[in-house]
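Q: Next up, structure20.csv (CSV, C-alpha atoms and all ligand atoms).
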chain,number,residue,atom,x,y,z
X,1,MET,CA,-7.7,72.9,-98.4
X,2,LYS,CA,-8.4,69.2,-98.4
X,3,ALA,CA,-11.7,68.2,-100.0
X,4,ILE,CA,-13.3,64.8,-100.6
X,5,SER,CA,-14.1,64.7,-104.2
X,6,VAL,CA,-15.2,62.5,-107.1
X,7,LEU,CA,-14.9,62.8,-110.9
X,8,PRO,CA,-18.5,62.8,-112.0
X,9,GLY,CA,-19.2,60.1,-114.6
X,10,LYS,CA,-16.2,58.0,-113.5
X,11,PRO,CA,-17.3,55.2,-111.1
X,12,ASP,CA,-15.5,54.9,-107.7
X,13,SER,CA,-13.3,57.9,-108.3
X,14,ILE,CA,-13.4,59.2,-104.7
X,15,HIS,CA,-10.2,61.0,-103.7
X,16,LEU,CA,-8.8,63.9,-101.8
X,17,ALA,CA,-8.6,67.0,-104.0
X,18,ASP,CA,-7.1,70.4,-103.2
X,19,LEU,CA,-9.5,73.4,-103.1
X,20,PRO,CA,-8.5,77.0,-102.8
X,21,GLU,CA,-9.3,78.8,-99.5
X,22,PRO,CA,-12.7,80.6,-99.6
X,23,ASP,CA,-12.9,84.2,-98.6
X,24,VAL,CA,-15.8,86.0,-96.9
X,25,ASP,CA,-15.7,88.5,-99.7
X,26,ASP,CA,-16.3,85.8,-102.3
X,27,VAL,CA,-20.0,86.6,-101.7
X,28,PRO,CA,-21.1,90.0,-103.0
X,29,GLY,CA,-22.9,92.7,-101.0
X,30,GLY,CA,-21.1,92.0,-97.7
X,31,ARG,CA,-23.4,89.0,-97.1
X,32,GLY,CA,-20.8,86.4,-96.9
X,33,VAL,CA,-20.5,83.9,-94.0
X,34,LEU,CA,-17.2,82.0,-93.7
X,35,VAL,CA,-17.8,78.7,-92.0
X,36,GLU,CA,-15.4,76.1,-90.5
X,37,VAL,CA,-16.7,72.6,-91.2
X,38,LEU,CA,-17.1,70.4,-88.1
X,39,ARG,CA,-19.2,67.4,-89.2
X,40,VAL,CA,-20.6,66.1,-92.5
X,41,GLY,CA,-23.1,63.2,-92.8
X,42,VAL,CA,-23.2,61.0,-95.9
X,43,ASP,CA,-26.2,59.2,-97.5
X,44,GLY,CA,-27.3,57.2,-100.5
X,45,THR,CA,-26.9,60.2,-102.7
X,46,ASP,CA,-23.1,60.3,-102.0
X,47,LYS,CA,-22.9,56.6,-102.8
X,48,GLU,CA,-24.8,57.2,-106.1
X,49,ILE,CA,-22.5,60.1,-107.0
X,50,ASN,CA,-19.4,57.9,-106.4
X,51,ASP,CA,-21.1,55.2,-108.5
X,52,ALA,CA,-21.3,57.8,-111.3
X,53,GLU,CA,-25.1,57.5,-111.4
X,54,TYR,CA,-25.6,61.1,-110.3
X,55,GLY,CA,-23.7,64.3,-109.8
X,56,ALA,CA,-22.1,67.0,-111.9
X,57,ALA,CA,-18.9,69.1,-111.4
X,58,PRO,CA,-19.0,72.9,-111.1
X,59,ASP,CA,-18.0,75.0,-114.1
X,60,GLY,CA,-14.3,75.1,-114.5
X,61,TYR,CA,-13.6,71.9,-112.5
X,62,ASN,CA,-13.3,68.3,-113.5
X,63,PHE,CA,-14.1,67.2,-109.9
X,64,LEU,CA,-17.0,67.7,-107.5
X,65,VAL,CA,-16.5,68.1,-103.7
X,66,ILE,CA,-19.2,65.9,-102.2
X,67,GLY,CA,-21.1,66.1,-98.8
X,68,HIS,CA,-24.4,68.0,-98.4
X,69,GLU,CA,-25.3,67.3,-94.7
X,70,SER,CA,-23.1,69.7,-92.9
X,71,LEU,CA,-22.6,71.3,-89.4
X,72,GLY,CA,-20.1,74.1,-89.0
X,73,ARG,CA,-19.1,77.1,-86.9
X,74,VAL,CA,-18.9,80.6,-88.2
X,75,LEU,CA,-15.4,82.0,-88.5
X,76,GLU,CA,-16.1,85.4,-90.1
X,77,VAL,CA,-19.1,87.4,-91.4
X,78,GLY,CA,-19.4,90.2,-94.0
X,79,PRO,CA,-20.3,93.7,-93.0
X,80,ASN,CA,-24.0,93.2,-93.9
X,81,VAL,CA,-24.6,90.1,-91.8
X,82,ARG,CA,-26.6,90.9,-88.7
X,83,ASP,CA,-28.0,87.6,-87.3
X,84,LEU,CA,-24.8,85.5,-87.3
X,85,ALA,CA,-21.5,86.0,-85.5
X,86,PRO,CA,-18.2,84.1,-85.2
X,87,GLY,CA,-18.6,81.1,-83.0
X,88,ASP,CA,-22.3,80.4,-84.0
X,89,TYR,CA,-23.1,76.8,-85.0
X,90,VAL,CA,-24.7,76.6,-88.4
X,91,VAL,CA,-26.0,74.3,-91.1
X,92,ALA,CA,-26.1,75.3,-94.8
X,93,THR,CA,-29.0,74.4,-97.1
X,94,VAL,CA,-28.2,72.4,-100.2
X,95,ARG,CA,-30.0,73.7,-103.3
X,96,ARG,CA,-29.4,77.2,-104.7
X,97,PRO,CA,-32.0,79.1,-106.7
X,98,GLY,CA,-32.2,78.8,-110.5
X,99,SER,CA,-34.5,81.0,-112.6
X,100,SER,CA,-38.0,79.6,-112.3
X,101,ILE,CA,-40.7,81.6,-110.5
X,102,TYR,CA,-40.5,79.3,-107.5
X,103,ASP,CA,-36.8,80.0,-107.2
X,104,LEU,CA,-37.5,83.7,-107.2
X,105,ILE,CA,-39.7,83.5,-104.1
X,106,GLY,CA,-37.3,81.4,-102.0
X,107,ALA,CA,-39.0,78.1,-102.8
X,108,TYR,CA,-35.9,76.8,-104.7
X,109,ASP,CA,-36.8,73.3,-103.5
X,110,MET,CA,-39.8,73.5,-105.9
X,111,THR,CA,-37.8,74.6,-108.9
X,112,ILE,CA,-39.1,73.6,-112.3
X,113,ASP,CA,-35.7,74.3,-114.0
X,114,ASP,CA,-34.2,71.3,-115.8
X,115,THR,CA,-30.8,72.1,-114.4
X,116,TYR,CA,-30.6,72.5,-110.7
X,117,TYR,CA,-27.8,73.5,-108.4
X,118,GLU,CA,-27.1,71.6,-105.2
X,119,ARG,CA,-24.0,71.9,-103.1
X,120,GLY,CA,-22.2,68.6,-103.0
X,121,ILE,CA,-24.5,67.0,-105.6
X,122,SER,CA,-24.9,69.0,-108.8
X,123,LEU,CA,-22.7,71.8,-110.2
X,124,LEU,CA,-21.7,73.2,-106.8
X,125,HIS,CA,-19.0,72.0,-104.4
X,126,GLY,CA,-20.2,70.5,-101.2
X,127,TYR,CA,-19.1,70.6,-97.6
X,128,LEU,CA,-16.6,67.7,-97.2
X,129,THR,CA,-13.8,70.1,-96.9
X,130,GLU,CA,-12.3,72.4,-94.3
X,131,ARG,CA,-14.1,75.7,-94.8
X,132,TYR,CA,-16.8,77.1,-97.1
X,133,VAL,CA,-18.4,80.5,-97.7
X,134,ASP,CA,-22.0,81.2,-98.6
X,135,ASP,CA,-24.7,83.9,-98.6
X,136,LEU,CA,-26.4,84.4,-95.3
X,137,GLU,CA,-29.7,83.4,-96.9
X,138,TYR,CA,-28.5,79.8,-97.0
X,139,ILE,CA,-27.0,79.6,-93.5
X,140,VAL,CA,-29.2,78.4,-90.6
X,141,LYS,CA,-28.2,78.9,-87.0
X,142,VAL,CA,-28.4,76.0,-84.7
X,143,PRO,CA,-28.3,76.6,-80.9
X,144,ALA,CA,-25.1,75.4,-79.2
X,145,ALA,CA,-27.1,73.0,-77.1
X,146,LEU,CA,-27.9,71.1,-80.3
X,147,LYS,CA,-24.4,71.0,-81.6
X,148,GLU,CA,-24.0,67.2,-81.0
X,149,VAL,CA,-26.9,66.4,-83.3
X,150,GLY,CA,-26.8,69.4,-85.6
X,151,VAL,CA,-25.4,67.3,-88.5
X,152,LEU,CA,-28.8,65.7,-88.7
X,153,LEU,CA,-30.6,68.9,-89.6
X,154,GLU,CA,-30.3,68.5,-93.4
X,155,PRO,CA,-32.0,65.0,-93.5
X,156,ILE,CA,-34.5,66.3,-90.9
X,157,SER,CA,-35.3,69.3,-93.2
X,158,VAL,CA,-36.2,66.8,-96.0
X,159,VAL,CA,-38.6,65.0,-93.7
X,160,GLU,CA,-40.1,68.4,-92.5
X,161,LYS,CA,-40.8,69.4,-96.0
X,162,GLY,CA,-42.5,66.1,-96.8
X,163,ILE,CA,-44.7,66.2,-93.8
X,164,GLU,CA,-45.6,69.9,-94.2
X,165,GLN,CA,-46.5,69.2,-97.8
X,166,ALA,CA,-49.0,66.6,-96.6
X,167,TYR,CA,-50.6,69.1,-94.2
X,168,GLU,CA,-50.7,71.9,-96.8
X,169,ILE,CA,-52.4,69.5,-99.3
X,170,GLN,CA,-54.9,68.4,-96.7
X,171,ARG,CA,-56.2,71.9,-96.2
X,172,ARG,CA,-58.4,70.9,-99.1
X,173,LEU,CA,-60.4,69.0,-96.6
X,174,GLY,CA,-61.5,72.0,-94.5
X,175,ILE,CA,-60.7,70.0,-91.4
X,176,TRP,CA,-58.0,67.3,-91.1
X,177,ARG,CA,-57.1,65.6,-87.9
X,178,PRO,CA,-54.6,62.9,-88.9
X,179,ALA,CA,-54.5,60.2,-86.2
X,180,ARG,CA,-52.5,57.3,-87.7
X,181,ALA,CA,-49.5,57.2,-90.0
X,182,ALA,CA,-47.3,54.5,-91.5
X,183,VAL,CA,-43.7,55.0,-92.3
X,184,VAL,CA,-42.1,52.5,-94.7
X,185,GLY,CA,-38.3,52.3,-94.2
X,186,ALA,CA,-36.4,52.6,-91.0
X,187,GLY,CA,-33.1,54.0,-92.3
X,188,SER,CA,-32.2,57.5,-91.2
X,189,LEU,CA,-35.1,59.2,-93.1
X,190,GLY,CA,-37.7,56.7,-92.0
X,191,LEU,CA,-36.5,57.0,-88.4
X,192,LEU,CA,-36.6,60.8,-88.6
X,193,ALA,CA,-40.0,60.7,-90.2
X,194,THR,CA,-41.2,58.5,-87.3
X,195,LEU,CA,-39.9,61.1,-84.9
X,196,ILE,CA,-41.5,64.1,-86.6
X,197,LEU,CA,-44.9,62.4,-86.9
X,198,ARG,CA,-44.8,61.3,-83.2
X,199,LEU,CA,-43.9,64.9,-82.3
X,200,ARG,CA,-47.1,65.9,-84.2
X,201,GLY,CA,-49.1,63.5,-82.0
X,202,LEU,CA,-49.8,60.7,-84.5
X,203,GLU,CA,-49.8,57.0,-83.8
X,204,VAL,CA,-47.0,55.7,-86.0
X,205,THR,CA,-46.4,52.2,-87.4
X,206,THR,CA,-42.9,51.9,-89.0
X,207,LEU,CA,-42.3,49.0,-91.4
X,208,ALA,CA,-38.9,47.8,-92.6
X,209,LEU,CA,-37.4,44.6,-93.9
X,210,ALA,CA,-35.2,43.6,-90.9
X,211,ASP,CA,-36.6,41.4,-88.2
X,212,PRO,CA,-36.5,43.0,-84.8
X,213,PRO,CA,-34.8,43.6,-82.5
X,214,THR,CA,-32.3,45.9,-84.2
X,215,LEU,CA,-31.1,49.3,-83.2
X,216,ASN,CA,-33.5,50.7,-85.7
X,217,SER,CA,-36.5,48.9,-84.2
X,218,GLU,CA,-35.4,49.9,-80.7
X,219,LEU,CA,-35.3,53.5,-81.9
X,220,VAL,CA,-38.8,53.3,-83.3
X,221,GLU,CA,-40.1,51.8,-80.0
X,222,ALA,CA,-38.2,54.4,-78.0
X,223,LEU,CA,-40.6,56.9,-79.6
X,224,ASP,CA,-43.7,54.9,-78.6
X,225,ALA,CA,-44.1,54.0,-82.2
X,226,ARG,CA,-44.7,50.4,-83.5
X,227,TYR,CA,-42.1,48.5,-85.5
X,228,GLU,CA,-43.2,45.8,-87.8
X,229,SER,CA,-41.0,43.6,-90.1
X,230,ALA,CA,-42.3,44.1,-93.6
X,231,ARG,CA,-41.3,40.5,-94.3
X,232,LYS,CA,-44.0,39.3,-91.9
X,233,LEU,CA,-46.6,42.0,-92.3
X,234,SER,CA,-47.2,43.7,-95.6
X,235,LEU,CA,-48.3,47.4,-95.8
X,236,LEU,CA,-51.8,46.3,-96.7
X,237,GLN,CA,-52.0,44.0,-93.8
X,238,ALA,CA,-50.6,46.7,-91.5
X,239,ALA,CA,-53.4,49.0,-92.8
X,240,GLU,CA,-56.0,46.4,-91.8
X,241,ARG,CA,-54.6,45.9,-88.4
X,242,TYR,CA,-53.4,49.4,-87.4
X,243,GLY,CA,-55.1,51.7,-89.9
X,244,PRO,CA,-56.8,53.5,-91.5
X,245,PHE,CA,-53.6,55.4,-92.3
X,246,ASP,CA,-54.1,59.2,-92.8
X,247,ILE,CA,-50.5,59.5,-93.9
X,248,ILE,CA,-48.1,56.9,-95.4
X,249,LEU,CA,-44.6,58.2,-95.8
X,250,GLU,CA,-42.4,56.2,-98.1
X,251,ALA,CA,-38.7,56.3,-97.3
X,252,THR,CA,-37.2,53.3,-99.1
X,253,GLY,CA,-36.7,54.2,-102.7
X,254,ALA,CA,-38.3,50.9,-103.7
X,255,SER,CA,-40.9,51.7,-106.3
X,256,ASN,CA,-43.3,48.8,-105.4
X,257,VAL,CA,-44.0,50.5,-102.1
X,258,VAL,CA,-45.6,53.4,-104.1
X,259,PHE,CA,-48.4,51.2,-105.5
X,260,GLU,CA,-48.9,49.2,-102.3
X,261,GLY,CA,-49.0,52.5,-100.5
X,262,MET,CA,-51.7,53.9,-102.8
X,263,GLU,CA,-53.9,50.9,-102.0
X,264,ALA,CA,-53.1,50.7,-98.3
X,265,LEU,CA,-53.8,54.5,-97.7
X,266,GLY,CA,-57.0,55.3,-95.8
X,267,PRO,CA,-59.8,57.4,-97.2
X,268,ASN,CA,-58.9,61.1,-97.6
X,269,GLY,CA,-55.3,60.1,-96.9
X,270,VAL,CA,-52.0,61.3,-98.3
X,271,LEU,CA,-49.1,59.3,-99.5
X,272,VAL,CA,-45.8,61.1,-99.3
X,273,LEU,CA,-42.9,59.7,-101.5
X,274,THR,CA,-39.4,60.7,-100.5
X,275,GLY,CA,-37.2,57.8,-101.7
X,276,ILE,CA,-35.1,58.4,-104.8
X,277,SER,CA,-34.7,55.4,-107.1
X,278,SER,CA,-32.2,55.8,-109.9
X,279,GLY,CA,-32.8,52.4,-111.4
X,280,ASP,CA,-35.3,51.5,-114.1
X,281,ARG,CA,-37.0,48.6,-112.4
X,282,THR,CA,-40.6,47.8,-113.6
X,283,VAL,CA,-43.2,46.4,-111.2
X,284,GLU,CA,-46.5,44.7,-111.8
X,285,VAL,CA,-49.5,46.2,-109.9
X,286,PRO,CA,-53.2,45.5,-109.4
X,287,GLY,CA,-54.1,48.6,-111.4
X,288,ASP,CA,-57.9,48.4,-111.2
X,289,ARG,CA,-57.9,47.8,-107.5
X,290,ILE,CA,-55.5,50.7,-106.8
X,291,MET,CA,-57.5,53.1,-109.1
X,292,LEU,CA,-60.8,52.2,-107.5
X,293,SER,CA,-59.6,52.7,-104.0
X,294,PHE,CA,-57.7,55.9,-104.9
X,295,VAL,CA,-60.7,57.5,-106.6
X,296,LEU,CA,-63.4,56.3,-104.2
X,297,GLY,CA,-61.1,57.3,-101.3
X,298,ASN,CA,-60.3,60.8,-102.5
X,299,LYS,CA,-56.7,60.0,-101.9
X,300,VAL,CA,-53.5,62.0,-102.8
X,301,ALA,CA,-50.0,61.0,-103.6
X,302,VAL,CA,-47.2,63.5,-103.6
X,303,GLY,CA,-43.5,63.4,-104.3
X,304,THR,CA,-41.1,65.6,-102.4
X,305,VAL,CA,-37.5,66.5,-102.7
X,306,ASN,CA,-35.0,68.8,-101.0
X,307,ALA,CA,-35.9,71.6,-98.6
X,308,ASN,CA,-35.7,75.3,-98.4
X,309,ARG,CA,-34.6,77.5,-95.5
X,310,ARG,CA,-38.0,77.4,-93.9
X,311,TYR,CA,-37.9,73.6,-93.4
X,312,PHE,CA,-34.4,73.9,-91.9
X,313,GLU,CA,-35.8,76.4,-89.4
X,314,ARG,CA,-38.7,74.1,-88.6
X,315,GLY,CA,-36.2,71.3,-88.2
X,316,VAL,CA,-34.3,73.2,-85.6
X,317,GLN,CA,-37.5,73.7,-83.5
X,318,ASP,CA,-38.3,70.0,-83.8
X,319,MET,CA,-34.8,69.0,-82.8
X,320,ALA,CA,-35.2,71.1,-79.6
X,321,LEU,CA,-38.6,69.5,-79.0
X,322,ALA,CA,-37.1,66.0,-79.6
X,323,GLU,CA,-34.4,66.7,-77.1
X,324,ALA,CA,-37.0,67.8,-74.6
X,325,GLN,CA,-39.4,64.9,-75.2
X,326,CYS,CA,-36.9,62.1,-75.9
X,327,PRO,CA,-33.5,63.2,-74.6
X,328,GLY,CA,-30.6,61.5,-76.3
X,329,TRP,CA,-32.7,59.9,-79.0
X,330,LEU,CA,-31.3,61.9,-81.9
X,331,GLU,CA,-27.7,61.2,-80.9
X,332,ARG,CA,-28.3,57.5,-81.1
X,333,LEU,CA,-28.7,57.9,-84.9
X,334,LEU,CA,-25.1,59.0,-85.2
X,335,THR,CA,-23.8,55.4,-85.3
X,336,HIS,CA,-20.6,55.6,-87.3
X,337,PRO,CA,-18.1,58.5,-87.0
X,338,VAL,CA,-15.2,58.7,-89.3
X,339,CYS,CA,-12.2,60.6,-88.2
X,340,GLU,CA,-11.0,63.4,-90.5
X,341,LEU,CA,-11.2,63.9,-94.3
X,342,GLU,CA,-8.2,61.7,-95.0
X,343,ASN,CA,-10.3,58.6,-94.2
X,344,TYR,CA,-12.6,59.0,-97.1
X,345,ALA,CA,-12.1,55.3,-98.1
X,346,GLU,CA,-13.4,54.2,-94.7
X,347,MET,CA,-16.3,56.6,-95.0
X,348,MET,CA,-17.3,55.0,-98.3
X,349,ARG,CA,-16.8,51.5,-97.0
X,350,LEU,CA,-19.1,52.1,-94.0
X,351,LEU,CA,-21.7,53.8,-96.3
X,352,ILE,CA,-21.7,50.8,-98.7
X,353,GLU,CA,-21.0,47.8,-96.5
X,354,GLU,CA,-22.0,48.5,-92.9
X,355,LYS,CA,-25.6,47.3,-92.7
X,356,SER,CA,-25.9,48.3,-89.0
X,357,ALA,CA,-25.0,52.0,-89.8
X,358,ILE,CA,-27.8,54.5,-89.4
X,359,LYS,CA,-25.7,57.6,-90.0
X,360,VAL,CA,-22.1,57.6,-91.2
X,361,PHE,CA,-20.5,61.0,-90.7
X,362,VAL,CA,-17.0,62.6,-90.9
X,363,GLU,CA,-15.6,64.5,-88.0
X,364,VAL,CA,-13.8,67.3,-89.8
X,365,GLY,CA,-13.2,69.6,-86.8
X,366,GLU,CA,-13.7,69.6,-83.0
X,367,LEU,CA,-17.2,70.6,-81.9
A,401,LIG,C1,-30.5,65.5,-100.6
A,401,LIG,C2,-31.5,66.6,-101.2
A,401,LIG,C3,-31.4,66.6,-102.7
A,401,LIG,C4,-31.6,65.3,-103.2
A,401,LIG,C5,-31.6,65.2,-104.8
A,401,LIG,C6,-30.8,64.2,-101.3
A,401,LIG,O1,-29.9,63.3,-100.8
A,401,LIG,O2,-30.7,65.4,-99.2
A,401,LIG,O3,-31.2,67.8,-100.6
A,401,LIG,O4,-32.3,67.6,-103.2
A,401,LIG,O5,-30.7,64.3,-102.7
A,401,LIG,O6,-30.4,65.6,-105.3
A,402,ZN,ZN,-29.3,63.6,-98.8
Please express the file's structure as structure tokens.
Ligand code: BGC
Ligand code: ZN

A:
Amino acid sequence: MKAISVLPGKPDSIHLADLPEPDVDDVPGGRGVLVEVLRVGVDGTDKEINDAEYGAAPDGYNFLVIGHESLGRVLEVGPNVRDLAPGDYVVATVRRPGSSIYDLIGAYDMTIDDTYYERGISLLHGYLTERYVDDLEYIVKVPAALKEVGVLLEPISVVEKGIEQAYEIQRRLGIWRPARAAVVGAGSLGLLATLILRLRGLEVTTLALADPPTLNSELVEALDARYESARKLSLLQAAERYGPFDIILEATGASNVVFEGMEALGPNGVLVLTGISSGDRTVEVPGDRIMLSFVLGNKVAVGTVNANRRYFERGVQDMALAEAQCPGWLERLLTHPVCELENYAEMMRLLIEEKSAIKVFVEVGEL
């Protein structure tokens, strides 16, 4: 089978590799699900892997098949698979359990192992290929009515986890009725965070560098959220004008936002950090002011990565709610399709150069 691969550690090594056919019996216990890949989205992580800043090849291979945002259709299931059948649309989770106590209870997104296993990212092949097989535990069914937007489920799951972490943490308050949120960043994660917070009934202000109107700002406004250019209005100013913010969700990967967010957060608020910065930039911050407002405000900051099965399932529910409340909105995120695996160079070009792209994805098979 064809598979878009990189040589981890070697910059710009993206190429088409040859992968052996998977078999439903590759998974023990009759729990295998063989899936035909239909669409795979790409993001900053794929770019970083091709830049050799990230990523590791599986044991026995010198290459890594990339792609962790998948949508597929079941081809065959093992004898002990009950809830999935050939023809079902499915999305696979990304991380696989290690050995920490969190991994053992299904919370592999919370692993404390030093080495972690993520399909398409670290030590396991990803989905930018023709077919894959996995254990039914990691395969989440998506209703056929959502097949057009199903490829967005993995990034949605990451946002679901971040927001649910905020709600879980805020149980400390006995009562928490968040009313206002700020989202920093209006790329695919920022837009999806704006959506999920709006679905929870919050008033949302989304800040990003670009001056409106852009497709991103229009998508924010289509959710009855507010878009502000961060060049014209800082997060602190936004908090004065539209706050106090009960939640600030950072989706940029720019570390200065962390500290501004700590100060801009309202009392009893929670700052959720989702951006991954692989650089080693230093920033100067007003430490005393931040500390004072953080302590006197009983504030919390939390980092969040990855998502387990539960957040994918929640994501499916929210995709259905989104289609009911804002029909067609999710599909507008799928801005840049790339036809077939052979066009991996075009995929990378769009990912790196196309500033107007919200989601670049490869059409591997017919929906
Ligand atoms: C993926 C996550 C993953 C993270 C760190 C992100 O791009 O969406 O599933 O845990 O990268 O590797
Ligand atoms: Zn990702």

Q: Let me have all residues with an atom within 7 Å of ligand ZN 402 (chain A), counting only C-alpha atoms and all ligand atoms, laid out as a list in words.

A: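 Answer in the requested format: Asp43, Gly44, Thr45, His68, Glu69 and Pro155 of chain X.
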
Q: Please write the residues from the selection above to a file, keeping C-alpha atoms, as a PDB file, in the coordinates of the input.

A:
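Output contents, as saved in again24.pdb:
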ATOM      1  CA  ASP X  43     -26.200  59.200 -97.500  1.00  0.00           C
ATOM      2  CA  GLY X  44     -27.300  57.200-100.500  1.00  0.00           C
ATOM      3  CA  THR X  45     -26.900  60.200-102.700  1.00  0.00           C
ATOM      4  CA  HIS X  68     -24.400  68.000 -98.400  1.00  0.00           C
ATOM      5  CA  GLU X  69     -25.300  67.300 -94.700  1.00  0.00           C
ATOM      6  CA  PRO X 155     -32.000  65.000 -93.500  1.00  0.00           C
TER       7      PRO X 155
END

Q: Between CA of Val149 (chain X) and atom O5 of ligand LIG 401 (chain A), what is the distance, to one decimal in Å?

A: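 If I compute the distance from CA of Val149 (chain X) to atom O5 of ligand LIG 401 (chain A), I get 19.9 Å.
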
Q: Using all atoms listed in the file, which residues have at least one atom no more than 8 Å from ligand LIG 401 (chain A)? Output them as a list in words.

A: Asp43, Gly44, Thr45, Asp46, His68, Glu69, Thr93, Val94, Arg95, Asp109, Glu118, Ile121, Ser122, Glu154, Pro155, Val158, Ile276, Val305, Asn306 and Ala307 of chain X

Q: For Gly297 (chain X), which of X:Gln170, X:Gln237, X:Gln325, X:Asn268 is the closest residue, counting all atoms listed in the file?

A: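 Among X:Gln170, X:Gln237, X:Gln325, X:Asn268, it is X:Asn268 that comes nearest to Gly297 (chain X).
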
Q: Between region 240-348 of chain X and region 2-9 of chain X, at 9 Å or less, what are the per-residue closest atom pairs and their distances in Å? Count only C-alpha atoms, order by chain and rising residue number, and return it as a tab-separated table.

A:
residue	atom	partner	partner_atom	distance
X:Leu341	CA	X:Ile4	CA	6.7
X:Glu342	CA	X:Ile4	CA	8.2
X:Tyr344	CA	X:Ile4	CA	6.8

Q: So how many Å separate CA of Asp83 (chain X) and CA of Glu363 (chain X), to one decimal?

A: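 That distance, rounded to one decimal, is 26.2 Å.
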
Q: Residues near region 308-316 of chain X, anyone? I mean within 6 Å using only C-alpha atoms, not counting same-chain ones fewer than 2 positions away, as a PyMOL selection string.

A: chain X and resi 109+156-157+160-161+318-319

Q: Which neighbours of Leu265 (chain X) fall inside 12 Å, counting all atoms listed in the file, when residues of the same chain fewer than 5 positions from it are skipped, and could you give them as a PyMOL selection string?

A: chain X and resi 180-183+235-240+242-250+257-260+270-272+290+293-301

Q: Between CA of Val33 (chain X) and CA of Tyr102 (chain X), what is the distance, to one decimal in Å?

A: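 Going from CA of Val33 (chain X) over to CA of Tyr102 (chain X) covers 24.6 Å.
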
Q: Kindly complete region 21-37 of chain X to N, CA and C atoms; the output should be written as a PDB file, keeping the file's coordinate frame.

A:
ATOM      1  N   GLU X  21      -8.659  78.269-100.733  1.00  0.00           N
ATOM      2  CA  GLU X  21      -9.300  78.800 -99.500  1.00  0.00           C
ATOM      3  C   GLU X  21     -10.458  79.745 -99.930  1.00  0.00           C
ATOM      4  N   PRO X  22     -11.622  79.588 -99.306  1.00  0.00           N
ATOM      5  CA  PRO X  22     -12.700  80.600 -99.600  1.00  0.00           C
ATOM      6  C   PRO X  22     -12.440  81.843 -98.776  1.00  0.00           C
ATOM      7  N   ASP X  23     -13.035  82.932 -99.239  1.00  0.00           N
ATOM      8  CA  ASP X  23     -12.900  84.200 -98.600  1.00  0.00           C
ATOM      9  C   ASP X  23     -14.273  84.791 -98.318  1.00  0.00           C
ATOM     10  N   VAL X  24     -14.450  85.465 -97.211  1.00  0.00           N
ATOM     11  CA  VAL X  24     -15.800  86.000 -96.900  1.00  0.00           C
ATOM     12  C   VAL X  24     -16.242  86.988 -97.969  1.00  0.00           C
ATOM     13  N   ASP X  25     -15.296  87.598 -98.671  1.00  0.00           N
ATOM     14  CA  ASP X  25     -15.700  88.500 -99.700  1.00  0.00           C
ATOM     15  C   ASP X  25     -15.982  87.865-101.078  1.00  0.00           C
ATOM     16  N   ASP X  26     -15.875  86.537-101.114  1.00  0.00           N
ATOM     17  CA  ASP X  26     -16.300  85.800-102.300  1.00  0.00           C
ATOM     18  C   ASP X  26     -17.774  86.038-102.607  1.00  0.00           C
ATOM     19  N   VAL X  27     -18.539  86.331-101.546  1.00  0.00           N
ATOM     20  CA  VAL X  27     -20.000  86.600-101.700  1.00  0.00           C
ATOM     21  C   VAL X  27     -20.206  88.072-101.771  1.00  0.00           C
ATOM     22  N   PRO X  28     -20.918  88.534-102.809  1.00  0.00           N
ATOM     23  CA  PRO X  28     -21.100  90.000-103.000  1.00  0.00           C
ATOM     24  C   PRO X  28     -22.026  90.599-101.934  1.00  0.00           C
ATOM     25  N   GLY X  29     -21.947  91.911-101.811  1.00  0.00           N
ATOM     26  CA  GLY X  29     -22.900  92.700-101.000  1.00  0.00           C
ATOM     27  C   GLY X  29     -22.622  92.581 -99.483  1.00  0.00           C
ATOM     28  N   GLY X  30     -21.438  92.131 -99.102  1.00  0.00           N
ATOM     29  CA  GLY X  30     -21.100  92.000 -97.700  1.00  0.00           C
ATOM     30  C   GLY X  30     -21.971  90.993 -96.958  1.00  0.00           C
ATOM     31  N   ARG X  31     -22.528  90.053 -97.713  1.00  0.00           N
ATOM     32  CA  ARG X  31     -23.400  89.000 -97.100  1.00  0.00           C
ATOM     33  C   ARG X  31     -22.781  87.705 -96.907  1.00  0.00           C
ATOM     34  N   GLY X  32     -21.470  87.633 -97.038  1.00  0.00           N
ATOM     35  CA  GLY X  32     -20.800  86.400 -96.900  1.00  0.00           C
ATOM     36  C   GLY X  32     -20.678  85.855 -95.480  1.00  0.00           C
ATOM     37  N   VAL X  33     -20.744  84.536 -95.341  1.00  0.00           N
ATOM     38  CA  VAL X  33     -20.500  83.900 -94.000  1.00  0.00           C
ATOM     39  C   VAL X  33     -19.459  82.821 -94.277  1.00  0.00           C
ATOM     40  N   LEU X  34     -18.319  82.969 -93.615  1.00  0.00           N
ATOM     41  CA  LEU X  34     -17.200  82.000 -93.700  1.00  0.00           C
ATOM     42  C   LEU X  34     -17.385  80.985 -92.609  1.00  0.00           C
ATOM     43  N   VAL X  35     -17.424  79.717 -92.958  1.00  0.00           N
ATOM     44  CA  VAL X  35     -17.800  78.700 -92.000  1.00  0.00           C
ATOM     45  C   VAL X  35     -16.664  77.607 -91.936  1.00  0.00           C
ATOM     46  N   GLU X  36     -16.306  77.208 -90.708  1.00  0.00           N
ATOM     47  CA  GLU X  36     -15.400  76.100 -90.500  1.00  0.00           C
ATOM     48  C   GLU X  36     -16.218  74.831 -90.398  1.00  0.00           C
ATOM     49  N   VAL X  37     -15.914  73.836 -91.220  1.00  0.00           N
ATOM     50  CA  VAL X  37     -16.700  72.600 -91.200  1.00  0.00           C
ATOM     51  C   VAL X  37     -16.351  71.743 -90.023  1.00  0.00           C
TER      52      VAL X  37
END
